[in-house]
file my_file.tsv (TSV, N, CA and C atoms)
chain	number	residue	atom	x	y	z
A	1	MET	N	22.40	102.69	-9.39
A	1	MET	CA	22.43	101.25	-9.18
A	1	MET	C	21.22	100.84	-8.35
A	2	ASP	N	20.54	99.82	-8.81
A	2	ASP	CA	19.36	99.34	-8.10
A	2	ASP	C	19.73	98.60	-6.83
A	3	VAL	N	18.74	98.48	-5.95
A	3	VAL	CA	18.92	97.73	-4.70
A	3	VAL	C	19.07	96.25	-5.04
A	4	PRO	N	20.11	95.58	-4.54
A	4	PRO	CA	20.26	94.15	-4.83
A	4	PRO	C	19.12	93.34	-4.23
A	5	SER	N	18.67	92.35	-4.94
A	5	SER	CA	17.56	91.53	-4.45
A	5	SER	C	17.97	90.75	-3.19
A	6	GLU	N	19.26	90.42	-3.06
A	6	GLU	CA	19.73	89.72	-1.87
A	6	GLU	C	19.55	90.59	-0.62
A	7	TYR	N	19.71	91.91	-0.79
A	7	TYR	CA	19.54	92.84	0.33
A	7	TYR	C	18.09	92.86	0.79
A	8	LYS	N	17.18	92.95	-0.18
A	8	LYS	CA	15.75	92.95	0.17
A	8	LYS	C	15.31	91.60	0.74
A	9	THR	N	15.87	90.52	0.19
A	9	THR	CA	15.55	89.19	0.71
A	9	THR	C	16.05	89.05	2.14
A	10	GLY	N	17.25	89.54	2.41
A	10	GLY	CA	17.78	89.51	3.77
A	10	GLY	C	16.91	90.32	4.72
A	11	GLY	N	16.41	91.46	4.25
A	11	GLY	CA	15.51	92.26	5.06
A	11	GLY	C	14.21	91.55	5.36
A	12	THR	N	13.67	90.87	4.36
A	12	THR	CA	12.43	90.11	4.57
A	12	THR	C	12.66	88.98	5.56
A	13	LEU	N	13.78	88.29	5.43
A	13	LEU	CA	14.09	87.21	6.36
A	13	LEU	C	14.27	87.75	7.78
A	14	LEU	N	14.92	88.90	7.91
A	14	LEU	CA	15.07	89.51	9.23
A	14	LEU	C	13.73	89.89	9.83
A	15	LEU	N	12.85	90.44	9.01
A	15	LEU	CA	11.54	90.85	9.50
A	15	LEU	C	10.73	89.66	9.97
A	16	VAL	N	10.72	88.58	9.20
A	16	VAL	CA	9.97	87.38	9.59
A	16	VAL	C	10.59	86.75	10.84
A	17	SER	N	11.91	86.64	10.84
A	17	SER	CA	12.59	86.06	11.99
A	17	SER	C	12.37	86.90	13.24
A	18	GLY	N	12.44	88.22	13.11
A	18	GLY	CA	12.20	89.10	14.24
A	18	GLY	C	10.78	89.01	14.77
A	19	ALA	N	9.82	88.89	13.87
A	19	ALA	CA	8.43	88.76	14.31
A	19	ALA	C	8.22	87.46	15.08
A	20	ILE	N	8.79	86.38	14.59
A	20	ILE	CA	8.66	85.09	15.30
A	20	ILE	C	9.37	85.17	16.65
A	21	ASN	N	10.58	85.75	16.67
A	21	ASN	CA	11.30	85.90	17.93
A	21	ASN	C	10.52	86.76	18.92
A	22	LEU	N	9.94	87.84	18.43
A	22	LEU	CA	9.18	88.74	19.31
A	22	LEU	C	7.95	88.05	19.87
A	23	MET	N	7.24	87.32	19.02
A	23	MET	CA	6.06	86.60	19.52
A	23	MET	C	6.46	85.54	20.54
A	24	THR	N	7.54	84.82	20.26
A	24	THR	CA	7.99	83.79	21.19
A	24	THR	C	8.42	84.40	22.52
A	25	ALA	N	9.16	85.49	22.47
A	25	ALA	CA	9.61	86.13	23.70
A	25	ALA	C	8.43	86.66	24.51
A	26	LEU	N	7.45	87.24	23.82
A	26	LEU	CA	6.29	87.75	24.54
A	26	LEU	C	5.44	86.64	25.13
A	27	VAL	N	5.39	85.50	24.46
A	27	VAL	CA	4.69	84.35	25.05
A	27	VAL	C	5.40	83.91	26.32
A	28	TRP	N	6.74	83.87	26.27
A	28	TRP	CA	7.49	83.52	27.47
A	28	TRP	C	7.25	84.54	28.58
A	29	VAL	N	7.22	85.84	28.22
A	29	VAL	CA	7.05	86.89	29.22
A	29	VAL	C	5.67	86.80	29.86
A	30	PHE	N	4.64	86.57	29.06
A	30	PHE	CA	3.29	86.60	29.59
A	30	PHE	C	2.81	85.25	30.11
A	31	SER	N	3.65	84.26	30.08
A	31	SER	CA	3.26	82.95	30.61
A	31	SER	C	3.74	82.81	32.04
A	32	LEU	N	3.56	81.63	32.56
A	32	LEU	CA	3.96	81.36	33.93
A	32	LEU	C	5.48	81.39	34.09
A	33	ILE	N	6.21	81.27	32.99
A	33	ILE	CA	7.67	81.30	33.05
A	33	ILE	C	8.15	82.62	33.64
A	34	TRP	N	7.37	83.69	33.47
A	34	TRP	CA	7.73	85.00	34.00
A	34	TRP	C	8.03	84.91	35.49
A	35	VAL	N	7.26	84.12	36.21
A	35	VAL	CA	7.43	83.98	37.65
A	35	VAL	C	8.79	83.34	37.95
A	36	CYS	N	9.22	82.42	37.11
A	36	CYS	CA	10.46	81.67	37.38
A	36	CYS	C	11.72	82.45	37.04
A	37	VAL	N	11.75	83.13	35.91
A	37	VAL	CA	12.99	83.75	35.47
A	37	VAL	C	12.92	85.26	35.34
A	38	GLY	N	11.81	85.87	35.64
A	38	GLY	CA	11.72	87.31	35.68
A	38	GLY	C	11.91	87.98	34.34
A	39	ILE	N	12.74	89.01	34.32
A	39	ILE	CA	12.87	89.86	33.13
A	39	ILE	C	13.86	89.32	32.11
A	40	PHE	N	14.35	88.10	32.27
A	40	PHE	CA	15.31	87.53	31.34
A	40	PHE	C	14.77	87.54	29.91
A	41	TRP	N	13.49	87.33	29.71
A	41	TRP	CA	12.92	87.22	28.36
A	41	TRP	C	12.74	88.57	27.70
A	42	LEU	N	12.96	89.66	28.44
A	42	LEU	CA	12.89	90.97	27.81
A	42	LEU	C	14.10	91.24	26.91
A	43	VAL	N	15.23	90.60	27.19
A	43	VAL	CA	16.42	90.77	26.35
A	43	VAL	C	16.18	90.23	24.94
A	44	PRO	N	15.68	88.99	24.78
A	44	PRO	CA	15.37	88.54	23.42
A	44	PRO	C	14.25	89.35	22.76
A	45	ALA	N	13.32	89.86	23.55
A	45	ALA	CA	12.25	90.68	22.98
A	45	ALA	C	12.81	91.97	22.41
A	46	ALA	N	13.75	92.59	23.11
A	46	ALA	CA	14.38	93.82	22.61
A	46	ALA	C	15.22	93.53	21.37
A	47	ALA	N	15.94	92.42	21.37
A	47	ALA	CA	16.74	92.05	20.20
A	47	ALA	C	15.83	91.79	19.00
A	48	ALA	N	14.69	91.16	19.24
A	48	ALA	CA	13.75	90.87	18.15
A	48	ALA	C	13.13	92.16	17.61
A	49	ALA	N	12.84	93.11	18.49
A	49	ALA	CA	12.28	94.39	18.02
A	49	ALA	C	13.29	95.13	17.15
A	50	TYR	N	14.56	95.11	17.55
A	50	TYR	CA	15.62	95.72	16.73
A	50	TYR	C	15.73	95.00	15.39
A	51	GLN	N	15.63	93.70	15.43
A	51	GLN	CA	15.71	92.90	14.21
A	51	GLN	C	14.56	93.25	13.26
A	52	CYS	N	13.36	93.42	13.79
A	52	CYS	CA	12.20	93.80	12.97
A	52	CYS	C	12.40	95.19	12.35
A	53	PHE	N	12.91	96.12	13.15
A	53	PHE	CA	13.12	97.48	12.67
A	53	PHE	C	14.11	97.52	11.51
A	54	VAL	N	15.26	96.88	11.68
A	54	VAL	CA	16.28	96.88	10.63
A	54	VAL	C	15.80	96.06	9.43
A	55	GLY	N	15.10	94.96	9.68
A	55	GLY	CA	14.57	94.14	8.59
A	55	GLY	C	13.58	94.90	7.74
A	56	PHE	N	12.73	95.72	8.38
A	56	PHE	CA	11.77	96.52	7.62
A	56	PHE	C	12.48	97.55	6.76
A	57	GLN	N	13.52	98.19	7.32
A	57	GLN	CA	14.29	99.16	6.53
A	57	GLN	C	14.94	98.50	5.32
A	58	ALA	N	15.55	97.34	5.54
A	58	ALA	CA	16.23	96.65	4.44
A	58	ALA	C	15.23	96.14	3.41
A	59	MET	N	14.08	95.69	3.86
A	59	MET	CA	13.07	95.19	2.94
A	59	MET	C	12.56	96.31	2.03
A	60	GLN	N	12.52	97.52	2.56
A	60	GLN	CA	12.07	98.66	1.77
A	60	GLN	C	13.17	99.18	0.84
A	61	GLY	N	14.41	98.71	1.01
A	61	GLY	CA	15.51	99.15	0.17
A	61	GLY	C	16.30	100.31	0.73
A	62	THR	N	16.02	100.70	1.97
A	62	THR	CA	16.75	101.78	2.61
A	62	THR	C	18.12	101.27	3.04
A	63	PRO	N	19.20	101.92	2.63
A	63	PRO	CA	20.53	101.44	3.02
A	63	PRO	C	20.75	101.58	4.52
A	64	THR	N	21.08	100.51	5.17
A	64	THR	CA	21.40	100.54	6.60
A	64	THR	C	22.60	99.64	6.85
A	65	GLN	N	23.47	100.08	7.71
A	65	GLN	CA	24.66	99.30	8.03
A	65	GLN	C	24.39	98.31	9.15
A	66	GLY	N	23.19	98.31	9.71
A	66	GLY	CA	22.88	97.45	10.84
A	66	GLY	C	22.37	96.07	10.49
A	67	GLY	N	22.41	95.69	9.23
A	67	GLY	CA	21.86	94.40	8.82
A	67	GLY	C	22.58	93.21	9.44
A	68	LYS	N	23.90	93.26	9.43
A	68	LYS	CA	24.66	92.15	10.00
A	68	LYS	C	24.47	92.08	11.52
A	69	MET	N	24.44	93.23	12.18
A	69	MET	CA	24.24	93.25	13.63
A	69	MET	C	22.83	92.77	13.98
A	70	ALA	N	21.85	93.12	13.18
A	70	ALA	CA	20.49	92.65	13.42
A	70	ALA	C	20.39	91.15	13.23
A	71	ALA	N	21.11	90.62	12.25
A	71	ALA	CA	21.12	89.17	12.04
A	71	ALA	C	21.76	88.46	13.23
A	72	ILE	N	22.84	89.03	13.75
A	72	ILE	CA	23.48	88.44	14.93
A	72	ILE	C	22.54	88.49	16.13
A	73	SER	N	21.84	89.61	16.30
A	73	SER	CA	20.89	89.69	17.42
A	73	SER	C	19.73	88.71	17.23
A	74	GLY	N	19.37	88.44	15.98
A	74	GLY	CA	18.35	87.44	15.72
A	74	GLY	C	18.82	86.03	16.05
A	75	ILE	N	20.08	85.76	15.79
A	75	ILE	CA	20.64	84.45	16.15
A	75	ILE	C	20.64	84.29	17.66
A	76	VAL	N	21.05	85.34	18.37
A	76	VAL	CA	21.06	85.30	19.83
A	76	VAL	C	19.65	85.16	20.39
A	77	ALA	N	18.72	85.93	19.85
A	77	ALA	CA	17.34	85.87	20.34
A	77	ALA	C	16.72	84.50	20.05
A	78	GLY	N	16.99	83.93	18.89
A	78	GLY	CA	16.48	82.60	18.58
A	78	GLY	C	17.03	81.55	19.52
A	79	ALA	N	18.32	81.68	19.86
A	79	ALA	CA	18.92	80.73	20.79
A	79	ALA	C	18.35	80.90	22.20
A	80	LEU	N	18.17	82.14	22.64
A	80	LEU	CA	17.63	82.37	23.98
A	80	LEU	C	16.16	81.98	24.08
A	81	ASN	N	15.44	82.07	22.97
A	81	ASN	CA	14.03	81.68	22.96
A	81	ASN	C	13.83	80.19	22.73
A	82	PHE	N	14.93	79.47	22.49
A	82	PHE	CA	14.86	78.03	22.20
A	82	PHE	C	13.99	77.76	20.98
A	83	ASN	N	14.14	78.60	19.95
A	83	ASN	CA	13.32	78.51	18.76
A	83	ASN	C	14.25	78.44	17.54
A	84	PRO	N	14.35	77.28	16.90
A	84	PRO	CA	15.31	77.14	15.81
A	84	PRO	C	14.91	77.82	14.50
A	85	LEU	N	13.62	77.99	14.22
A	85	LEU	CA	13.20	78.58	12.95
A	85	LEU	C	13.72	80.01	12.77
A	86	PRO	N	13.50	80.93	13.71
A	86	PRO	CA	14.05	82.27	13.49
A	86	PRO	C	15.57	82.29	13.52
A	87	LEU	N	16.18	81.37	14.22
A	87	LEU	CA	17.63	81.27	14.24
A	87	LEU	C	18.14	80.95	12.84
A	88	ILE	N	17.53	79.99	12.18
A	88	ILE	CA	17.93	79.61	10.82
A	88	ILE	C	17.67	80.75	9.84
A	89	LEU	N	16.53	81.42	9.98
A	89	LEU	CA	16.23	82.55	9.10
A	89	LEU	C	17.25	83.67	9.27
A	90	ALA	N	17.67	83.92	10.51
A	90	ALA	CA	18.67	84.97	10.75
A	90	ALA	C	20.03	84.58	10.16
A	91	VAL	N	20.38	83.30	10.21
A	91	VAL	CA	21.64	82.85	9.60
A	91	VAL	C	21.59	83.05	8.09
A	92	VAL	N	20.47	82.71	7.46
A	92	VAL	CA	20.34	82.89	6.01
A	92	VAL	C	20.36	84.39	5.66
A	93	ALA	N	19.75	85.23	6.50
A	93	ALA	CA	19.81	86.67	6.28
A	93	ALA	C	21.25	87.18	6.37
A	94	MET	N	22.00	86.64	7.33
A	94	MET	CA	23.41	87.02	7.47
A	94	MET	C	24.20	86.64	6.22
A	95	VAL	N	23.91	85.48	5.66
A	95	VAL	CA	24.58	85.05	4.43
A	95	VAL	C	24.24	86.03	3.30
A	96	ASN	N	22.98	86.45	3.22
A	96	ASN	CA	22.58	87.40	2.17
A	96	ASN	C	23.27	88.75	2.34
A	97	PHE	N	23.40	89.22	3.58
A	97	PHE	CA	24.04	90.51	3.82
A	97	PHE	C	25.54	90.47	3.58
A	98	ASN	N	26.15	89.28	3.58
A	98	ASN	CA	27.59	89.16	3.35
A	98	ASN	C	27.94	88.90	1.89
A	99	LYS	N	26.96	88.84	1.01
A	99	LYS	CA	27.25	88.62	-0.42
A	99	LYS	C	27.95	89.86	-0.99
A	100	PRO	N	28.87	89.64	-1.94
A	100	PRO	CA	29.66	90.76	-2.47
A	100	PRO	C	28.81	91.87	-3.11
A	101	GLU	N	27.69	91.50	-3.74
A	101	GLU	CA	26.84	92.52	-4.36
A	101	GLU	C	26.28	93.46	-3.30
A	102	VAL	N	25.85	92.89	-2.18
A	102	VAL	CA	25.25	93.70	-1.11
A	102	VAL	C	26.31	94.55	-0.43
A	103	VAL	N	27.46	93.97	-0.15
A	103	VAL	CA	28.54	94.72	0.50
A	103	VAL	C	28.99	95.88	-0.39
A	104	GLY	N	29.15	95.62	-1.68
A	104	GLY	CA	29.53	96.68	-2.61
A	104	GLY	C	28.48	97.76	-2.72
A	105	TRP	N	27.21	97.38	-2.74
A	105	TRP	CA	26.13	98.35	-2.83
A	105	TRP	C	26.07	99.22	-1.59
A	106	LEU	N	26.26	98.61	-0.42
A	106	LEU	CA	26.24	99.39	0.83
A	106	LEU	C	27.43	100.34	0.93
A	107	GLU	N	28.59	99.91	0.40
A	107	GLU	CA	29.75	100.79	0.43
A	107	GLU	C	29.56	102.03	-0.45
A	108	THR	N	28.84	101.90	-1.53
A	108	THR	CA	28.59	103.06	-2.39
A	108	THR	C	27.55	104.00	-1.79
A	109	ARG	N	26.80	103.54	-0.81
A	109	ARG	CA	25.74	104.35	-0.19
A	109	ARG	C	26.18	105.07	1.06
A	110	GLN	N	27.45	104.97	1.45
A	110	GLN	CA	27.91	105.65	2.66
A	110	GLN	C	28.15	107.10	2.43
call {"tool": "encode", "arguments": {"input": "my_file.tsv", "output": "structure tokens"}}
result
Amino acid sequence: MDVPSEYKTGGTLLLVSGAINLMTALVWVFSLIWVCVGIFWLVPAAAAAYQCFVGFQAMQGTPTQGGKMAAISGIVAGALNFNPLPLILAVVAMVNFNKPEVVGWLETRQ
């Protein structure tokens, strides 16, 4: 059975969303905001790095069970970064990972 296109699309969305979240978090970390809130922005940066890692795996077609968790971490990172674009992309990725074709395909790969 071939990799569902929704799975690869979800991976691409996770990768793009994670990259935007990571760039936003690093801008917050390296700006003057660092002085005000300290290491708070490292949490969204770590979530975004995880999101990029899982998104790259899914985009390549590698079966991973972490797609939904990465999408949730992308939603959290987008909210903490005050950035709606990666938040929306992570929600759409979550919708793609919850489609019956993707869930069935992942169950056969365990």
call {"tool": "closest_residue", "arguments": {"input": "my_file.tsv", "among": "A:Pro44, A:Pro86, A:Gly55, A:Pro63", "to": "Leu14 of chain A", "atoms": "all atoms listed in the file"}}
result
A:Gly55
call {"tool": "closest_residue", "arguments": {"input": "my_file.tsv", "among": "A:Leu87, A:Gly10, A:Ile20, A:Cys36", "to": "Gly67 of chain A", "atoms": "only C-alpha atoms"}}
result
A:Gly10
call {"tool": "residues_around", "arguments": {"input": "my_file.tsv", "residues": "Ser17 of chain A", "least_positions_apart": "6", "cutoff": "8 Å", "atoms": "only C-alpha atoms", "output": "list in words"}}
result
Ala48, Gln51, Cys52, Gly74, Leu85, Pro86, Leu87, Leu89 and Ala90 of chain A
call {"tool": "closest_residue", "arguments": {"input": "my_file.tsv", "among": "A:Ala19, A:Val29, A:Ala77, A:Val102", "to": "Val3 of chain A", "atoms": "only N, CA and C atoms"}}
result
A:Val102
call {"tool": "select_by_dssp", "arguments": {"input": "my_file.tsv", "residues": "segment 2-110 of chain A", "states": "alpha helix (DSSP H)", "output": "compact mmCIF listing (two decimals) with N, CA and C atoms, keeping the file's coordinate frame"}}
result
# COMPACT_ATOMS: atom_id res chain seq x y z
N SER A 5 18.67 92.35 -4.94
CA SER A 5 17.56 91.53 -4.45
C SER A 5 17.97 90.75 -3.19
N GLU A 6 19.26 90.42 -3.06
CA GLU A 6 19.73 89.72 -1.87
C GLU A 6 19.55 90.59 -0.62
N TYR A 7 19.71 91.91 -0.79
CA TYR A 7 19.54 92.84 0.33
C TYR A 7 18.09 92.86 0.79
N LYS A 8 17.18 92.95 -0.18
CA LYS A 8 15.75 92.95 0.17
C LYS A 8 15.31 91.60 0.74
N THR A 9 15.87 90.52 0.19
CA THR A 9 15.55 89.19 0.71
C THR A 9 16.05 89.05 2.14
N GLY A 10 17.25 89.54 2.41
CA GLY A 10 17.78 89.51 3.77
C GLY A 10 16.91 90.32 4.72
N GLY A 11 16.41 91.46 4.25
CA GLY A 11 15.51 92.26 5.06
C GLY A 11 14.21 91.55 5.36
N THR A 12 13.67 90.87 4.36
CA THR A 12 12.43 90.11 4.57
C THR A 12 12.66 88.98 5.56
N LEU A 13 13.78 88.29 5.43
CA LEU A 13 14.09 87.21 6.36
C LEU A 13 14.27 87.75 7.78
N LEU A 14 14.92 88.90 7.91
CA LEU A 14 15.07 89.51 9.23
C LEU A 14 13.73 89.89 9.83
N LEU A 15 12.85 90.44 9.01
CA LEU A 15 11.54 90.85 9.50
C LEU A 15 10.73 89.66 9.97
N VAL A 16 10.72 88.58 9.20
CA VAL A 16 9.97 87.38 9.59
C VAL A 16 10.59 86.75 10.84
N SER A 17 11.91 86.64 10.84
CA SER A 17 12.59 86.06 11.99
C SER A 17 12.37 86.90 13.24
N GLY A 18 12.44 88.22 13.11
CA GLY A 18 12.20 89.10 14.24
C GLY A 18 10.78 89.01 14.77
N ALA A 19 9.82 88.89 13.87
CA ALA A 19 8.43 88.76 14.31
C ALA A 19 8.22 87.46 15.08
N ILE A 20 8.79 86.38 14.59
CA ILE A 20 8.66 85.09 15.30
C ILE A 20 9.37 85.17 16.65
N ASN A 21 10.58 85.75 16.67
CA ASN A 21 11.30 85.90 17.93
C ASN A 21 10.52 86.76 18.92
N LEU A 22 9.94 87.84 18.43
CA LEU A 22 9.18 88.74 19.31
C LEU A 22 7.95 88.05 19.87
N MET A 23 7.24 87.32 19.02
CA MET A 23 6.06 86.60 19.52
C MET A 23 6.46 85.54 20.54
N THR A 24 7.54 84.82 20.26
CA THR A 24 7.99 83.79 21.19
C THR A 24 8.42 84.40 22.52
N ALA A 25 9.16 85.49 22.47
CA ALA A 25 9.61 86.13 23.70
C ALA A 25 8.43 86.66 24.51
N LEU A 26 7.45 87.24 23.82
CA LEU A 26 6.29 87.75 24.54
C LEU A 26 5.44 86.64 25.13
N VAL A 27 5.39 85.50 24.46
CA VAL A 27 4.69 84.35 25.05
C VAL A 27 5.40 83.91 26.32
N TRP A 28 6.74 83.87 26.27
CA TRP A 28 7.49 83.52 27.47
C TRP A 28 7.25 84.54 28.58
N VAL A 29 7.22 85.84 28.22
CA VAL A 29 7.05 86.89 29.22
C VAL A 29 5.67 86.80 29.86
N PHE A 30 4.64 86.57 29.06
CA PHE A 30 3.29 86.60 29.59
C PHE A 30 2.81 85.25 30.11
N ILE A 33 6.21 81.27 32.99
CA ILE A 33 7.67 81.30 33.05
C ILE A 33 8.15 82.62 33.64
N TRP A 34 7.37 83.69 33.47
CA TRP A 34 7.73 85.00 34.00
C TRP A 34 8.03 84.91 35.49
N VAL A 35 7.26 84.12 36.21
CA VAL A 35 7.43 83.98 37.65
C VAL A 35 8.79 83.34 37.95
N CYS A 36 9.22 82.42 37.11
CA CYS A 36 10.46 81.67 37.38
C CYS A 36 11.72 82.45 37.04
N VAL A 37 11.75 83.13 35.91
CA VAL A 37 12.99 83.75 35.47
C VAL A 37 12.92 85.26 35.34
N LEU A 42 12.96 89.66 28.44
CA LEU A 42 12.89 90.97 27.81
C LEU A 42 14.10 91.24 26.91
N VAL A 43 15.23 90.60 27.19
CA VAL A 43 16.42 90.77 26.35
C VAL A 43 16.18 90.23 24.94
N PRO A 44 15.68 88.99 24.78
CA PRO A 44 15.37 88.54 23.42
C PRO A 44 14.25 89.35 22.76
N ALA A 45 13.32 89.86 23.55
CA ALA A 45 12.25 90.68 22.98
C ALA A 45 12.81 91.97 22.41
N ALA A 46 13.75 92.59 23.11
CA ALA A 46 14.38 93.82 22.61
C ALA A 46 15.22 93.53 21.37
N ALA A 47 15.94 92.42 21.37
CA ALA A 47 16.74 92.05 20.20
C ALA A 47 15.83 91.79 19.00
N ALA A 48 14.69 91.16 19.24
CA ALA A 48 13.75 90.87 18.15
C ALA A 48 13.13 92.16 17.61
N ALA A 49 12.84 93.11 18.49
CA ALA A 49 12.28 94.39 18.02
C ALA A 49 13.29 95.13 17.15
N TYR A 50 14.56 95.11 17.55
CA TYR A 50 15.62 95.72 16.73
C TYR A 50 15.73 95.00 15.39
N GLN A 51 15.63 93.70 15.43
CA GLN A 51 15.71 92.90 14.21
C GLN A 51 14.56 93.25 13.26
N CYS A 52 13.36 93.42 13.79
CA CYS A 52 12.20 93.80 12.97
C CYS A 52 12.40 95.19 12.35
N PHE A 53 12.91 96.12 13.15
CA PHE A 53 13.12 97.48 12.67
C PHE A 53 14.11 97.52 11.51
N VAL A 54 15.26 96.88 11.68
CA VAL A 54 16.28 96.88 10.63
C VAL A 54 15.80 96.06 9.43
N GLY A 55 15.10 94.96 9.68
CA GLY A 55 14.57 94.14 8.59
C GLY A 55 13.58 94.90 7.74
N PHE A 56 12.73 95.72 8.38
CA PHE A 56 11.77 96.52 7.62
C PHE A 56 12.48 97.55 6.76
N GLN A 57 13.52 98.19 7.32
CA GLN A 57 14.29 99.16 6.53
C GLN A 57 14.94 98.50 5.32
N ALA A 58 15.55 97.34 5.54
CA ALA A 58 16.23 96.65 4.44
C ALA A 58 15.23 96.14 3.41
N MET A 59 14.08 95.69 3.86
CA MET A 59 13.07 95.19 2.94
C MET A 59 12.56 96.31 2.03
N GLN A 60 12.52 97.52 2.56
CA GLN A 60 12.07 98.66 1.77
C GLN A 60 13.17 99.18 0.84
N GLY A 67 22.41 95.69 9.23
CA GLY A 67 21.86 94.40 8.82
C GLY A 67 22.58 93.21 9.44
N LYS A 68 23.90 93.26 9.43
CA LYS A 68 24.66 92.15 10.00
C LYS A 68 24.47 92.08 11.52
N MET A 69 24.44 93.23 12.18
CA MET A 69 24.24 93.25 13.63
C MET A 69 22.83 92.77 13.98
N ALA A 70 21.85 93.12 13.18
CA ALA A 70 20.49 92.65 13.42
C ALA A 70 20.39 91.15 13.23
N ALA A 71 21.11 90.62 12.25
CA ALA A 71 21.12 89.17 12.04
C ALA A 71 21.76 88.46 13.23
N ILE A 72 22.84 89.03 13.75
CA ILE A 72 23.48 88.44 14.93
C ILE A 72 22.54 88.49 16.13
N SER A 73 21.84 89.61 16.30
CA SER A 73 20.89 89.69 17.42
C SER A 73 19.73 88.71 17.23
N GLY A 74 19.37 88.44 15.98
CA GLY A 74 18.35 87.44 15.72
C GLY A 74 18.82 86.03 16.05
N ILE A 75 20.08 85.76 15.79
CA ILE A 75 20.64 84.45 16.15
C ILE A 75 20.64 84.29 17.66
N VAL A 76 21.05 85.34 18.37
CA VAL A 76 21.06 85.30 19.83
C VAL A 76 19.65 85.16 20.39
N ALA A 77 18.72 85.93 19.85
CA ALA A 77 17.34 85.87 20.34
C ALA A 77 16.72 84.50 20.05
N GLY A 78 16.99 83.93 18.89
CA GLY A 78 16.48 82.60 18.58
C GLY A 78 17.03 81.55 19.52
N ALA A 79 18.32 81.68 19.86
CA ALA A 79 18.92 80.73 20.79
C ALA A 79 18.35 80.90 22.20
N LEU A 80 18.17 82.14 22.64
CA LEU A 80 17.63 82.37 23.98
C LEU A 80 16.16 81.98 24.08
N PRO A 84 14.35 77.28 16.90
CA PRO A 84 15.31 77.14 15.81
C PRO A 84 14.91 77.82 14.50
N LEU A 85 13.62 77.99 14.22
CA LEU A 85 13.20 78.58 12.95
C LEU A 85 13.72 80.01 12.77
N PRO A 86 13.50 80.93 13.71
CA PRO A 86 14.05 82.27 13.49
C PRO A 86 15.57 82.29 13.52
N LEU A 87 16.18 81.37 14.22
CA LEU A 87 17.63 81.27 14.24
C LEU A 87 18.14 80.95 12.84
N ILE A 88 17.53 79.99 12.18
CA ILE A 88 17.93 79.61 10.82
C ILE A 88 17.67 80.75 9.84
N LEU A 89 16.53 81.42 9.98
CA LEU A 89 16.23 82.55 9.10
C LEU A 89 17.25 83.67 9.27
N ALA A 90 17.67 83.92 10.51
CA ALA A 90 18.67 84.97 10.75
C ALA A 90 20.03 84.58 10.16
N VAL A 91 20.38 83.30 10.21
CA VAL A 91 21.64 82.85 9.60
C VAL A 91 21.59 83.05 8.09
N VAL A 92 20.47 82.71 7.46
CA VAL A 92 20.34 82.89 6.01
C VAL A 92 20.36 84.39 5.66
N ALA A 93 19.75 85.23 6.50
CA ALA A 93 19.81 86.67 6.28
C ALA A 93 21.25 87.18 6.37
N MET A 94 22.00 86.64 7.33
CA MET A 94 23.41 87.02 7.47
C MET A 94 24.20 86.64 6.22
N VAL A 95 23.91 85.48 5.66
CA VAL A 95 24.58 85.05 4.43
C VAL A 95 24.24 86.03 3.30
N ASN A 96 22.98 86.45 3.22
CA ASN A 96 22.58 87.40 2.17
C ASN A 96 23.27 88.75 2.34
N PHE A 97 23.40 89.22 3.58
CA PHE A 97 24.04 90.51 3.82
C PHE A 97 25.54 90.47 3.58
N PRO A 100 28.87 89.64 -1.94
CA PRO A 100 29.66 90.76 -2.47
C PRO A 100 28.81 91.87 -3.11
N GLU A 101 27.69 91.50 -3.74
CA GLU A 101 26.84 92.52 -4.36
C GLU A 101 26.28 93.46 -3.30
N VAL A 102 25.85 92.89 -2.18
CA VAL A 102 25.25 93.70 -1.11
C VAL A 102 26.31 94.55 -0.43
N VAL A 103 27.46 93.97 -0.15
CA VAL A 103 28.54 94.72 0.50
C VAL A 103 28.99 95.88 -0.39
N GLY A 104 29.15 95.62 -1.68
CA GLY A 104 29.53 96.68 -2.61
C GLY A 104 28.48 97.76 -2.72
N TRP A 105 27.21 97.38 -2.74
CA TRP A 105 26.13 98.35 -2.83
C TRP A 105 26.07 99.22 -1.59
N LEU A 106 26.26 98.61 -0.42
CA LEU A 106 26.24 99.39 0.83
C LEU A 106 27.43 100.34 0.93
N GLU A 107 28.59 99.91 0.40
CA GLU A 107 29.75 100.79 0.43
C GLU A 107 29.56 102.03 -0.45
N THR A 108 28.84 101.90 -1.53
CA THR A 108 28.59 103.06 -2.39
C THR A 108 27.55 104.00 -1.79
call {"tool": "atom_distance", "arguments": {"input": "my_file.tsv", "atom1": "atom CA of Gln57 of chain A", "atom2": "atom CA of Gly104 of chain A"}}
result
17.9 Å
call {"tool": "atom_distance", "arguments": {"input": "my_file.tsv", "atom1": "atom CA of Asn81 of chain A", "atom2": "atom C of Thr12 of chain A"}}
result
18.9 Å
call {"tool": "atom_distance", "arguments": {"input": "my_file.tsv", "atom1": "atom N of Trp105 of chain A", "atom2": "atom CA of Gly61 of chain A"}}
result
12.2 Å
call {"tool": "closest_residue", "arguments": {"input": "my_file.tsv", "among": "A:Leu13, A:Val76, A:Leu26, A:Leu106", "to": "Met59 of chain A", "atoms": "only N, CA and C atoms"}}
result
A:Leu13
call {"tool": "closest_residue", "arguments": {"input": "my_file.tsv", "among": "A:Thr24, A:Ser73, A:Thr62, A:Gln110", "to": "Tyr50 of chain A", "atoms": "only N, CA and C atoms"}}
result
A:Ser73
call {"tool": "closest_residue", "arguments": {"input": "my_file.tsv", "among": "A:Ala49, A:Met69, A:Leu15, A:Ala79", "to": "Met94 of chain A", "atoms": "only C-alpha atoms"}}
result
A:Met69
call {"tool": "residues_around", "arguments": {"input": "my_file.tsv", "residues": "Trp41 of chain A", "least_positions_apart": "5", "cutoff": "6.5 Å", "atoms": "all atoms listed in the file", "output": "ChimeraX atom specification"}}
result
/A:25,28-29,46
